[in-house]
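Asks: Contents are mmCIF, C-alpha atoms; file name data_7.cif:
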```cif
data_data
loop_
_atom_site.group_PDB
_atom_site.id
_atom_site.type_symbol
_atom_site.label_atom_id
_atom_site.label_comp_id
_atom_site.auth_asym_id
_atom_site.auth_seq_id
_atom_site.Cartn_x
_atom_site.Cartn_y
_atom_site.Cartn_z
ATOM 1 C CA MET A 145 -10.184 8.065 -48.523
ATOM 2 C CA SER A 146 -11.906 4.729 -48.111
ATOM 3 C CA THR A 147 -8.656 3.319 -46.729
ATOM 4 C CA ASP A 148 -8.437 6.152 -44.172
ATOM 5 C CA ARG A 149 -12.037 5.562 -43.144
ATOM 6 C CA HIS A 150 -11.381 1.872 -42.703
ATOM 7 C CA THR A 151 -8.292 2.612 -40.580
ATOM 8 C CA ALA A 152 -10.149 5.078 -38.414
ATOM 9 C CA THR A 153 -12.966 2.672 -37.666
ATOM 10 C CA SER A 154 -10.899 -0.493 -37.327
ATOM 11 C CA GLN A 155 -9.703 0.313 -33.819
ATOM 12 C CA PRO A 156 -11.699 -1.744 -31.309
ATOM 13 C CA VAL A 157 -13.743 0.263 -28.850
ATOM 14 C CA ALA A 158 -14.357 -1.309 -25.453
ATOM 15 C CA VAL A 159 -18.039 -1.618 -24.674
ATOM 16 C CA PRO A 160 -19.237 -1.847 -21.065
ATOM 17 C CA THR A 161 -20.726 -5.186 -20.119
ATOM 18 C CA THR A 162 -23.051 -6.289 -17.365
ATOM 19 C CA ALA A 163 -20.011 -7.691 -15.562
ATOM 20 C CA ASP A 164 -18.421 -4.237 -15.679
ATOM 21 C CA ARG A 165 -21.473 -2.635 -14.077
ATOM 22 C CA VAL A 166 -21.623 -5.323 -11.402
ATOM 23 C CA ARG A 167 -17.945 -4.813 -10.665
ATOM 24 C CA GLN A 168 -18.333 -1.056 -10.355
ATOM 25 C CA VAL A 169 -21.243 -1.271 -7.928
ATOM 26 C CA THR A 170 -19.713 -4.088 -5.889
ATOM 27 C CA VAL A 171 -16.364 -2.339 -5.514
ATOM 28 C CA LEU A 172 -18.074 0.913 -4.518
ATOM 29 C CA VAL A 173 -20.315 -0.700 -1.901
ATOM 30 C CA GLY A 174 -17.560 -3.010 -0.695
ATOM 31 C CA ALA A 175 -15.182 -0.095 -0.311
ATOM 32 C CA VAL A 176 -17.644 1.776 1.886
ATOM 33 C CA ILE A 177 -18.148 -1.278 4.092
ATOM 34 C CA ALA A 178 -14.433 -2.037 4.315
ATOM 35 C CA ILE A 179 -13.363 1.531 5.065
ATOM 36 C CA VAL A 180 -16.060 2.096 7.702
ATOM 37 C CA GLY A 181 -15.291 -1.292 9.255
ATOM 38 C CA ALA A 182 -11.563 -0.568 9.333
ATOM 39 C CA ALA A 183 -12.123 2.867 10.857
ATOM 40 C CA PHE A 184 -14.413 1.401 13.517
ATOM 41 C CA GLY A 185 -11.961 -1.384 14.301
ATOM 42 C CA SER A 186 -9.130 1.118 14.592
ATOM 43 C CA GLY A 187 -10.934 3.057 17.303
ATOM 44 C CA ALA A 188 -12.071 5.990 15.176
ATOM 45 C CA PHE A 189 -15.574 5.783 16.692
ATOM 46 C CA GLY A 190 -14.517 5.254 20.269
ATOM 47 C CA GLY A 191 -13.324 1.665 20.146
ATOM 48 C CA GLN A 192 -9.887 0.361 21.032
ATOM 49 C CA ALA A 193 -7.044 1.739 18.921
ATOM 50 C CA VAL A 194 -4.879 -0.814 17.129
ATOM 51 C CA GLN A 195 -1.827 0.321 19.101
ATOM 52 C CA ASN A 196 -3.589 -0.677 22.309
ATOM 53 C CA ALA A 197 -4.899 -4.005 21.041
ATOM 54 C CA SER A 198 -3.235 -7.372 21.604
ATOM 55 C CA GLY A 199 -1.982 -6.267 25.003
ATOM 56 C CA GLY A 200 -0.047 -3.380 23.475
ATOM 57 C CA ALA A 201 2.068 -5.663 21.266
ATOM 58 C CA LEU A 202 1.795 -3.144 18.431
ATOM 59 C CA ALA A 203 2.387 -0.060 20.556
ATOM 60 C CA ALA A 204 4.983 2.503 19.557
ATOM 61 C CA ASP A 205 7.422 1.255 22.192
ATOM 62 C CA ALA A 206 6.697 -2.486 21.952
ATOM 63 C CA THR A 207 9.655 -3.382 19.731
ATOM 64 C CA PRO A 208 12.722 -1.582 18.317
ATOM 65 C CA VAL A 209 11.058 -1.442 14.880
ATOM 66 C CA ALA A 210 7.661 -0.117 15.944
ATOM 67 C CA PRO A 211 6.848 3.216 14.238
ATOM 68 C CA ASP A 212 6.036 6.056 16.596
ATOM 69 C CA GLY A 213 2.362 6.903 17.042
ATOM 70 C CA PRO A 214 1.995 9.757 14.504
ATOM 71 C CA ALA A 215 3.117 7.400 11.718
ATOM 72 C CA PHE A 216 -0.339 5.837 11.661
ATOM 73 C CA SER A 217 -1.916 9.102 10.519
ATOM 74 C CA ILE A 218 -0.971 8.056 6.987
ATOM 75 C CA TRP A 219 -4.016 5.785 7.086
ATOM 76 C CA SER A 220 -6.241 8.861 6.782
ATOM 77 C CA LEU A 221 -4.624 9.688 3.434
ATOM 78 C CA ILE A 222 -4.765 6.076 2.251
ATOM 79 C CA TYR A 223 -8.436 5.715 3.181
ATOM 80 C CA LEU A 224 -9.201 8.987 1.416
ATOM 81 C CA GLY A 225 -7.428 7.738 -1.695
ATOM 82 C CA LEU A 226 -9.302 4.437 -1.588
ATOM 83 C CA ALA A 227 -12.626 6.232 -1.193
ATOM 84 C CA VAL A 228 -11.871 8.507 -4.150
ATOM 85 C CA PHE A 229 -10.798 5.485 -6.202
ATOM 86 C CA ALA A 230 -14.045 3.661 -5.375
ATOM 87 C CA VAL A 231 -16.051 6.607 -6.701
ATOM 88 C CA TYR A 232 -13.740 7.114 -9.686
ATOM 89 C CA GLN A 233 -13.992 3.518 -10.887
ATOM 90 C CA ALA A 234 -17.777 3.621 -10.506
ATOM 91 C CA LEU A 235 -18.235 6.489 -12.965
ATOM 92 C CA PRO A 236 -20.114 5.272 -16.079
ATOM 93 C CA ARG A 237 -17.386 6.427 -18.474
ATOM 94 C CA HIS A 238 -14.828 4.211 -16.716
ATOM 95 C CA ALA A 239 -16.817 0.994 -16.892
ATOM 96 C CA ALA A 240 -14.834 -0.511 -19.777
ATOM 97 C CA ASP A 241 -11.408 0.854 -18.831
ATOM 98 C CA ALA A 242 -9.035 -2.088 -19.272
ATOM 99 C CA ARG A 243 -6.741 -1.024 -16.455
ATOM 100 C CA LEU A 244 -9.623 -0.722 -14.003
ATOM 101 C CA ARG A 245 -10.930 -4.086 -15.125
ATOM 102 C CA ALA A 246 -7.537 -5.558 -14.276
ATOM 103 C CA VAL A 247 -7.166 -4.170 -10.759
ATOM 104 C CA SER A 248 -10.501 -3.126 -9.231
ATOM 105 C CA TRP A 249 -11.382 -6.512 -7.743
ATOM 106 C CA TRP A 250 -7.871 -6.740 -6.302
ATOM 107 C CA VAL A 251 -8.172 -3.289 -4.737
ATOM 108 C CA LEU A 252 -11.418 -4.365 -3.087
ATOM 109 C CA ALA A 253 -9.726 -7.538 -1.848
ATOM 110 C CA SER A 254 -6.970 -5.447 -0.299
ATOM 111 C CA MET A 255 -9.495 -3.295 1.554
ATOM 112 C CA LEU A 256 -11.290 -6.340 2.908
ATOM 113 C CA LEU A 257 -7.986 -7.874 4.011
ATOM 114 C CA ASN A 258 -7.046 -4.656 5.781
ATOM 115 C CA ALA A 259 -10.346 -4.676 7.659
ATOM 116 C CA ALA A 260 -9.793 -8.365 8.467
ATOM 117 C CA TRP A 261 -6.297 -7.613 9.781
ATOM 118 C CA ILE A 262 -7.681 -5.009 12.158
ATOM 119 C CA GLY A 263 -10.283 -7.482 13.376
ATOM 120 C CA VAL A 264 -7.666 -10.172 13.969
ATOM 121 C CA VAL A 265 -5.410 -7.755 15.863
ATOM 122 C CA GLN A 266 -8.336 -6.787 18.081
ATOM 123 C CA THR A 267 -8.736 -10.456 19.025
ATOM 124 C CA GLY A 268 -5.066 -10.644 20.020
ATOM 125 C CA VAL A 269 -4.108 -13.500 17.685
ATOM 126 C CA LEU A 270 -0.836 -12.015 16.432
ATOM 127 C CA PRO A 271 0.416 -15.021 14.420
ATOM 128 C CA LEU A 272 -2.774 -14.909 12.350
ATOM 129 C CA SER A 273 -2.355 -11.153 11.917
ATOM 130 C CA VAL A 274 1.019 -11.809 10.265
ATOM 131 C CA VAL A 275 -0.638 -14.180 7.805
ATOM 132 C CA VAL A 276 -3.367 -11.665 6.984
ATOM 133 C CA ILE A 277 -1.048 -8.701 6.512
ATOM 134 C CA GLY A 278 1.233 -10.893 4.411
ATOM 135 C CA ALA A 279 -1.748 -11.694 2.187
ATOM 136 C CA LEU A 280 -2.545 -7.979 2.014
ATOM 137 C CA VAL A 281 0.953 -7.139 0.776
ATOM 138 C CA ALA A 282 0.769 -10.019 -1.727
ATOM 139 C CA VAL A 283 -2.498 -8.657 -3.140
ATOM 140 C CA LEU A 284 -1.040 -5.158 -3.369
ATOM 141 C CA ALA A 285 1.998 -6.610 -5.126
ATOM 142 C CA VAL A 286 -0.307 -8.175 -7.737
ATOM 143 C CA ILE A 287 -1.887 -4.767 -8.270
ATOM 144 C CA LEU A 288 1.553 -3.207 -8.631
ATOM 145 C CA VAL A 289 2.527 -5.721 -11.311
ATOM 146 C CA ARG A 290 -0.656 -4.996 -13.256
ATOM 147 C CA LEU A 291 -0.190 -1.240 -12.978
ATOM 148 C CA VAL A 292 3.377 -1.467 -14.226
ATOM 149 C CA ARG A 293 2.342 -3.563 -17.230
ATOM 150 C CA THR A 294 0.081 -0.852 -18.658
ATOM 151 C CA PRO A 295 0.296 2.949 -18.558
ATOM 152 C CA PRO A 296 -2.447 4.946 -16.821
ATOM 153 C CA THR A 297 -5.310 6.092 -19.010
ATOM 154 C CA ASN A 298 -4.758 9.696 -17.978
ATOM 155 C CA GLU A 299 -3.180 11.830 -15.254
ATOM 156 C CA ALA A 300 -6.275 11.659 -13.056
ATOM 157 C CA GLN A 301 -6.119 7.874 -13.038
ATOM 158 C CA ALA A 302 -2.415 7.961 -12.255
ATOM 159 C CA LEU A 303 -3.077 10.121 -9.206
ATOM 160 C CA VAL A 304 -6.189 8.323 -7.952
ATOM 161 C CA LEU A 305 -5.105 4.734 -8.638
ATOM 162 C CA ASP A 306 -1.316 4.631 -8.880
ATOM 163 C CA GLY A 307 -0.758 7.199 -6.147
ATOM 164 C CA THR A 308 -3.109 5.501 -3.694
ATOM 165 C CA VAL A 309 -1.772 2.007 -4.355
ATOM 166 C CA GLY A 310 1.776 3.297 -3.975
ATOM 167 C CA LEU A 311 1.109 4.771 -0.542
ATOM 168 C CA TYR A 312 -0.899 1.716 0.472
ATOM 169 C CA LEU A 313 1.777 -0.806 -0.550
ATOM 170 C CA GLY A 314 4.632 1.227 0.881
ATOM 171 C CA TRP A 315 3.018 1.626 4.270
ATOM 172 C CA ALA A 316 1.720 -1.963 4.381
ATOM 173 C CA SER A 317 5.248 -3.212 3.689
ATOM 174 C CA VAL A 318 6.695 -1.323 6.655
ATOM 175 C CA ALA A 319 3.736 -2.372 8.799
ATOM 176 C CA THR A 320 4.401 -6.004 7.889
ATOM 177 C CA LEU A 321 7.971 -5.790 9.161
ATOM 178 C CA ALA A 322 6.734 -4.212 12.382
ATOM 179 C CA ASN A 323 3.951 -6.801 12.697
ATOM 180 C CA VAL A 324 6.360 -9.721 12.341
ATOM 181 C CA ALA A 325 8.636 -8.206 14.989
ATOM 182 C CA ALA A 326 5.678 -7.681 17.311
ATOM 183 C CA ALA A 327 4.488 -11.276 16.884
ATOM 184 C CA LEU A 328 7.959 -12.663 17.601
ATOM 185 C CA THR A 329 8.408 -10.428 20.635
ATOM 186 C CA ASP A 330 4.969 -11.348 21.949
ATOM 187 C CA ALA A 331 5.923 -15.021 21.556
ATOM 188 C CA GLY A 332 9.052 -14.438 23.642
ATOM 189 C CA VAL A 333 11.544 -14.912 20.814
ATOM 190 C CA GLY A 334 12.106 -11.304 19.843
ATOM 191 C CA ASP A 335 15.836 -11.268 20.526
ATOM 192 C CA LEU A 336 16.586 -14.563 18.738
ATOM 193 C CA VAL A 337 20.214 -14.860 19.948
ATOM 194 C CA LEU A 338 21.463 -11.758 18.139
ATOM 195 C CA GLY A 339 19.703 -9.314 20.415
ATOM 196 C CA ALA A 340 16.973 -6.743 19.832
ATOM 197 C CA THR A 341 19.307 -4.056 18.467
ATOM 198 C CA VAL A 342 20.902 -6.269 15.832
ATOM 199 C CA TRP A 343 17.556 -7.599 14.716
ATOM 200 C CA GLY A 344 16.171 -4.076 14.635
ATOM 201 C CA VAL A 345 18.969 -3.005 12.299
ATOM 202 C CA LEU A 346 18.442 -6.054 10.098
ATOM 203 C CA VAL A 347 14.704 -5.406 9.846
ATOM 204 C CA VAL A 348 15.049 -1.758 8.820
ATOM 205 C CA ALA A 349 17.821 -2.744 6.403
ATOM 206 C CA ALA A 350 15.394 -5.254 4.869
ATOM 207 C CA GLY A 351 12.946 -2.381 4.527
ATOM 208 C CA ALA A 352 15.536 -0.356 2.617
ATOM 209 C CA VAL A 353 16.300 -3.282 0.310
ATOM 210 C CA LEU A 354 12.601 -3.829 -0.335
ATOM 211 C CA ALA A 355 12.174 -0.137 -1.133
ATOM 212 C CA VAL A 356 14.932 -0.369 -3.745
ATOM 213 C CA VAL A 357 13.349 -3.475 -5.277
ATOM 214 C CA TYR A 358 10.019 -1.675 -5.577
ATOM 215 C CA ALA A 359 11.711 1.396 -7.065
ATOM 216 C CA VAL A 360 13.516 -0.633 -9.711
ATOM 217 C CA PHE A 361 10.451 -2.656 -10.645
ATOM 218 C CA ALA A 362 8.081 0.339 -10.830
ATOM 219 C CA ALA A 363 10.540 2.740 -12.472
ATOM 220 C CA ARG A 364 8.350 3.133 -15.578
ATOM 221 C CA ARG A 365 5.403 4.286 -13.449
ATOM 222 C CA PRO A 366 6.740 7.251 -11.449
ATOM 223 C CA VAL A 367 3.529 7.992 -9.545
ATOM 224 C CA VAL A 368 3.233 4.543 -8.000
ATOM 225 C CA ALA A 369 7.011 4.262 -7.494
ATOM 226 C CA ILE A 370 7.272 7.576 -5.681
ATOM 227 C CA GLY A 371 4.130 6.804 -3.678
ATOM 228 C CA ILE A 372 5.732 3.610 -2.399
ATOM 229 C CA GLY A 373 8.948 5.441 -1.578
ATOM 230 C CA LEU A 374 7.172 8.234 0.286
ATOM 231 C CA ALA A 375 5.147 5.824 2.425
ATOM 232 C CA MET A 376 8.112 3.595 3.234
ATOM 233 C CA SER A 377 10.254 6.611 4.065
ATOM 234 C CA TRP A 378 7.459 7.894 6.300
ATOM 235 C CA GLY A 379 7.199 4.611 8.195
ATOM 236 C CA LEU A 380 10.950 4.058 8.528
ATOM 237 C CA GLY A 381 11.424 7.691 9.521
ATOM 238 C CA TRP A 382 8.957 7.309 12.382
ATOM 239 C CA ILE A 383 10.796 4.191 13.510
ATOM 240 C CA ALA A 384 13.936 6.316 13.647
ATOM 241 C CA TYR A 385 12.128 9.021 15.592
ATOM 242 C CA GLY A 386 10.663 6.523 18.034
ATOM 243 C CA ARG A 387 14.077 5.009 18.788
ATOM 244 C CA ALA A 388 15.672 8.436 19.237
ATOM 245 C CA ASN A 389 12.941 9.625 21.622
ATOM 246 C CA GLY A 390 10.516 8.153 24.124
ATOM 247 C CA PRO A 391 10.619 5.154 26.424
ATOM 248 C CA LEU A 392 12.374 2.751 24.032
ATOM 249 C CA VAL A 393 15.542 4.523 22.939
ATOM 250 C CA ASP A 394 18.004 2.673 20.709
ATOM 251 C CA SER A 395 20.404 5.015 18.952
ATOM 252 C CA THR A 396 21.791 2.286 16.697
ATOM 253 C CA VAL A 397 18.379 1.344 15.333
ATOM 254 C CA ALA A 398 17.490 5.042 15.106
ATOM 255 C CA VAL A 399 20.458 5.753 12.827
ATOM 256 C CA ALA A 400 19.838 2.630 10.737
ATOM 257 C CA ALA A 401 16.157 3.457 10.321
ATOM 258 C CA GLY A 402 16.994 7.042 9.394
ATOM 259 C CA LEU A 403 19.375 5.836 6.690
ATOM 260 C CA ALA A 404 16.784 3.332 5.464
ATOM 261 C CA ALA A 405 14.205 6.137 5.256
ATOM 262 C CA GLY A 406 16.598 8.141 3.115
ATOM 263 C CA VAL A 407 17.136 5.187 0.787
ATOM 264 C CA ALA A 408 13.385 4.633 0.458
ATOM 265 C CA LEU A 409 12.859 8.296 -0.398
ATOM 266 C CA LEU A 410 15.656 8.608 -2.953
ATOM 267 C CA ALA A 411 15.466 5.215 -4.682
ATOM 268 C CA PRO A 412 12.332 5.897 -6.764
ATOM 269 C CA VAL A 413 13.592 9.322 -7.736
ATOM 270 C CA VAL A 414 16.793 7.791 -9.105
ATOM 271 C CA THR A 415 15.120 4.874 -10.869
ATOM 272 C CA THR A 416 12.323 6.891 -12.467
ATOM 273 C CA LEU A 417 14.783 9.509 -13.745
ATOM 274 C CA ARG A 418 16.977 6.776 -15.224
ATOM 275 C CA ALA A 419 13.940 5.143 -16.837
ATOM 276 C CA ARG A 420 12.874 8.445 -18.363
ATOM 277 C CA ARG A 421 16.325 9.102 -19.802
ATOM 278 C CA GLY A 422 16.503 5.586 -21.169
#
```
Rewrite the structure of this file - the entire thing - as structure tokens.
Replies:
Amino acid sequence: MSTDRHTATSQPVAVPTTADRVRQVTVLVGAVIAIVGAAFGSGAFGGQAVQNASGGALAADATPVAPDGPAFSIWSLIYLGLAVFAVYQALPRHAADARLRAVSWWVLASMLLNAAWIGVVQTGVLPLSVVVIGALVAVLAVILVRLVRTPPTNEAQALVLDGTVGLYLGWASVATLANVAAALTDAGVGDLVLGATVWGVLVVAAGAVLAVVYAVFAARRPVVAIGIGLAMSWGLGWIAYGRANGPLVDSTVAVAAGLAAGVALLAPVVTTLRARRG
């Protein structure tokens, strides 16, 4: 019996530290500031919408790979998820959670970078916006790696953290492709010898390849993998819709983007099922 007692009490129990409490409060307050700032910069309180900033370079008909307007409504869901996460990680019982310790600062960094990207776009400096959104995706990729390394503490954490990060990374990845295309077009080099249609097909094909890479890497974490796939499929699908309708019609890019959206949607389903069977 003494051996059993020793075994039962030998498991280390994480104890919250002052650093944990500081992190919780800072992430919560920082999230509020970042989300409100991003919403204000996006025109939610009467300011200029991102699609109308930078001389319309990011408008739905600015380039062959620009998602149609309704695509941006996904931000409402992402912001909601980030707000819920900020509250979730701040709960006293989550202070010493190892997974939250590993990613919370990075999630806050991603929110601040998103707000910074909106600010840069509003100034019209598109090359800098590419740098900022690239940094955003890099930060989200770090979070993805850390989430894949360790399983979620429970189902609630999987939904709040993994689900939100999945949507966030998936959409940010599509937005990065569109942002790069917008910056090149605004600089007068959008066609780059091959022509807008060919480059449009290549960009959405790159999106499909990236979606598969994410799906393979995150196969052991179905919530984040499927979240990425859903968001990328959403963005690519609205590119397809925009090229099939409206002022900038390009049937070739529309078909390619539609196929890419299908790949992004199915890839995580296939990889997570294979991982579960393995």
Asks: Once the PyMOL selection byres ((chain A and resi 207) around 8) has been evaluated on this model, what residues remain selected, and can you format them as a PyMOL selection string?
Replies: chain A and resi 202+204-206+208-210+322+325-326+329+392
Asks: Tell me, in Å to one decimal, how far CA of Leu409 (chain A) is from CA of Gly373 (chain A).
Replies: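 Atom-to-atom, CA of Leu409 (chain A) to CA of Gly373 (chain A), that is 5.0 Å.
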Asks: Taking 3 positions as the minimum chain separation for residues in the same chain, which residues sit within 8 Å of region 231-243 of chain A when counting all atoms listed in the file? Answer as a PyMOL selection string.
Replies: chain A and resi 158-161+164-165+168-169+171-172+227-228+246-248+290-291+294+296-297+304
Asks: Calculated over all atoms listed in the file, which of the candidates A:Ala201, A:Ala215, A:Met255, A:Leu305 has the smallest distance to Val367 (chain A)?
Replies: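 Checking each candidate against Val367 (chain A), we get A:Leu305 as the closest.
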Asks: Please list as a VMD selection string every residue within 8 Å of Ile370 (chain A), counting only C-alpha atoms and excluding residues in the same chain fewer than 5 positions away.
Replies: chain A and resid 310 359 409 412 to 413
Asks: Calculated over all atoms listed in the file, which of the candidates A:Thr396, A:Ser217, A:Asn389, A:Ser273 has the smallest distance to Leu321 (chain A)?
Replies: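 Among the listed residues, A:Ser273 lies closest to Leu321 (chain A).
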Asks: Taking into account only C-alpha atoms, which residue in the set A:Thr415, A:Thr170, A:Gln195, A:Thr267 is nearest to Pro366 (chain A)?
Replies: A:Thr415
Asks: What does the structure give for the distance between CA of Gly381 (chain A) and CA of Val318 (chain A), in Å to one decimal?
Replies: 10.6 Å
Asks: Which value, in Å to one decimal, gives the distance between CA of Gly268 (chain A) and CA of Met376 (chain A)?
Replies: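 Separation of CA of Gly268 (chain A) and CA of Met376 (chain A): 25.7 Å.
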Asks: Might you pull out every residue within 12 Å of Gly344 (chain A), with all atoms listed in the file counted and same-chain residues fewer than 4 positions away left off, and present them as JSON, numbers by chain?
Replies: {"A": [207, 208, 209, 210, 211, 321, 322, 324, 325, 326, 329, 334, 335, 336, 338, 339, 340, 348, 349, 350, 351, 380, 383, 384, 387, 393, 394, 395, 396, 397, 398, 399, 400, 401, 404]}
Asks: Which residues, written as a list in words, have at least one atom at most 12 Å from Gly263 (chain A), with only C-alpha atoms counted and residues fewer than 4 positions away on the same chain left out?
Replies: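 Listed by chain and then number, they are Ala178, Gly181, Ala182, Ala183, Phe184, Gly185, Ser186, Gly187, Gly191, Gln192, Ala193, Val194, Ala197, Ser198, Leu256, Leu257, Asn258, Ala259, Thr267, Gly268, Val269, Leu270, Leu272, Ser273, Val276 and Ile277 of chain A.
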Asks: Padding 6 Å on each side, edges along x, y and z: where is the centre of the box around the listed atoms of region 295-308 of chain A, and how long are its edges in Å to one decimal? Output it as lines of an AutoDock Vina configuration file.
Replies:
```
center_x = -3.0
center_y = 7.4
center_z = -11.4
size_x = 18.6
size_y = 20.9
size_z = 27.3
```
Asks: Using only C-alpha atoms, which of A:Ala253, A:Ala369, A:Val345, A:Val166 sits nearest Ile179 (chain A)?
Replies: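 For Ile179 (chain A), the nearest of the candidates is A:Ala253.
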Asks: So, counting all atoms listed in the file, which residue among A:Leu244, A:Arg293, A:Asp306, A:Asp330 is closest to Pro271 (chain A)?
Replies: A:Asp330
Asks: Identify which of the residues A:Val281, A:Val360, A:Val265, A:Val275 lies closest to Ala316 (chain A), counting all atoms listed in the file when measuring atom-to-atom distances.
Replies: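 Ranking A:Val281, A:Val360, A:Val265, A:Val275 by distance to Ala316 (chain A), first place goes to A:Val281.
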Asks: Extract region 286-301 of chain A from the coordinates I pasted, and write it as a PDB file, in the first residue's frame (atoms kept: N, CA, C and O atoms).
Replies:
```pdb
ATOM      1  N   VAL A 286       4.022  28.767 -35.867  1.00  0.00           N
ATOM      2  CA  VAL A 286       4.678  28.365 -34.617  1.00  0.00           C
ATOM      3  C   VAL A 286       3.637  27.797 -33.650  1.00  0.00           C
ATOM      4  O   VAL A 286       3.853  26.758 -33.004  1.00  0.00           O
ATOM      5  N   ILE A 287       2.499  28.466 -33.571  1.00  0.00           N
ATOM      6  CA  ILE A 287       1.427  27.974 -32.698  1.00  0.00           C
ATOM      7  C   ILE A 287       0.968  26.596 -33.157  1.00  0.00           C
ATOM      8  O   ILE A 287       0.767  25.684 -32.337  1.00  0.00           O
ATOM      9  N   LEU A 288       0.813  26.424 -34.461  1.00  0.00           N
ATOM     10  CA  LEU A 288       0.393  25.133 -34.991  1.00  0.00           C
ATOM     11  C   LEU A 288       1.369  24.033 -34.581  1.00  0.00           C
ATOM     12  O   LEU A 288       0.951  22.950 -34.142  1.00  0.00           O
ATOM     13  N   VAL A 289       2.647  24.292 -34.732  1.00  0.00           N
ATOM     14  CA  VAL A 289       3.658  23.294 -34.357  1.00  0.00           C
ATOM     15  C   VAL A 289       3.516  22.923 -32.877  1.00  0.00           C
ATOM     16  O   VAL A 289       3.551  21.742 -32.510  1.00  0.00           O
ATOM     17  N   ARG A 290       3.317  23.901 -32.033  1.00  0.00           N
ATOM     18  CA  ARG A 290       3.209  23.634 -30.599  1.00  0.00           C
ATOM     19  C   ARG A 290       1.921  22.898 -30.251  1.00  0.00           C
ATOM     20  O   ARG A 290       1.901  22.069 -29.327  1.00  0.00           O
ATOM     21  N   LEU A 291       0.852  23.178 -30.984  1.00  0.00           N
ATOM     22  CA  LEU A 291      -0.400  22.469 -30.739  1.00  0.00           C
ATOM     23  C   LEU A 291      -0.306  21.012 -31.179  1.00  0.00           C
ATOM     24  O   LEU A 291      -0.874  20.115 -30.543  1.00  0.00           O
ATOM     25  N   VAL A 292       0.397  20.782 -32.269  1.00  0.00           N
ATOM     26  CA  VAL A 292       0.536  19.415 -32.770  1.00  0.00           C
ATOM     27  C   VAL A 292       1.408  18.583 -31.837  1.00  0.00           C
ATOM     28  O   VAL A 292       1.189  17.376 -31.678  1.00  0.00           O
ATOM     29  N   ARG A 293       2.366  19.199 -31.203  1.00  0.00           N
ATOM     30  CA  ARG A 293       3.295  18.462 -30.327  1.00  0.00           C
ATOM     31  C   ARG A 293       2.607  17.857 -29.116  1.00  0.00           C
ATOM     32  O   ARG A 293       3.006  16.803 -28.629  1.00  0.00           O
ATOM     33  N   THR A 294       1.567  18.524 -28.604  1.00  0.00           N
ATOM     34  CA  THR A 294       0.899  18.038 -27.398  1.00  0.00           C
ATOM     35  C   THR A 294      -0.611  18.005 -27.606  1.00  0.00           C
ATOM     36  O   THR A 294      -1.171  18.898 -28.247  1.00  0.00           O
ATOM     37  N   PRO A 295      -1.264  16.978 -27.068  1.00  0.00           N
ATOM     38  CA  PRO A 295      -2.728  16.887 -27.227  1.00  0.00           C
ATOM     39  C   PRO A 295      -3.434  17.936 -26.381  1.00  0.00           C
ATOM     40  O   PRO A 295      -2.891  18.413 -25.378  1.00  0.00           O
ATOM     41  N   PRO A 296      -4.649  18.318 -26.759  1.00  0.00           N
ATOM     42  CA  PRO A 296      -5.407  19.281 -25.955  1.00  0.00           C
ATOM     43  C   PRO A 296      -5.741  18.699 -24.589  1.00  0.00           C
ATOM     44  O   PRO A 296      -5.901  17.484 -24.431  1.00  0.00           O
ATOM     45  N   THR A 297      -5.844  19.557 -23.612  1.00  0.00           N
ATOM     46  CA  THR A 297      -6.154  19.123 -22.251  1.00  0.00           C
ATOM     47  C   THR A 297      -7.529  18.487 -22.165  1.00  0.00           C
ATOM     48  O   THR A 297      -7.746  17.519 -21.444  1.00  0.00           O
ATOM     49  N   ASN A 298      -8.466  19.037 -22.918  1.00  0.00           N
ATOM     50  CA  ASN A 298      -9.828  18.501 -22.941  1.00  0.00           C
ATOM     51  C   ASN A 298     -10.511  18.969 -24.224  1.00  0.00           C
ATOM     52  O   ASN A 298      -9.915  19.711 -25.028  1.00  0.00           O
ATOM     53  N   GLU A 299     -11.764  18.556 -24.406  1.00  0.00           N
ATOM     54  CA  GLU A 299     -12.488  18.902 -25.629  1.00  0.00           C
ATOM     55  C   GLU A 299     -12.760  20.399 -25.720  1.00  0.00           C
ATOM     56  O   GLU A 299     -12.748  20.971 -26.818  1.00  0.00           O
ATOM     57  N   ALA A 300     -13.022  21.028 -24.584  1.00  0.00           N
ATOM     58  CA  ALA A 300     -13.271  22.474 -24.595  1.00  0.00           C
ATOM     59  C   ALA A 300     -12.048  23.222 -25.105  1.00  0.00           C
ATOM     60  O   ALA A 300     -12.162  24.151 -25.921  1.00  0.00           O
ATOM     61  N   GLN A 301     -10.869  22.823 -24.655  1.00  0.00           N
ATOM     62  CA  GLN A 301      -9.657  23.478 -25.125  1.00  0.00           C
ATOM     63  C   GLN A 301      -9.436  23.231 -26.612  1.00  0.00           C
ATOM     64  O   GLN A 301      -9.000  24.129 -27.341  1.00  0.00           O
TER      65      GLN A 301
END
```
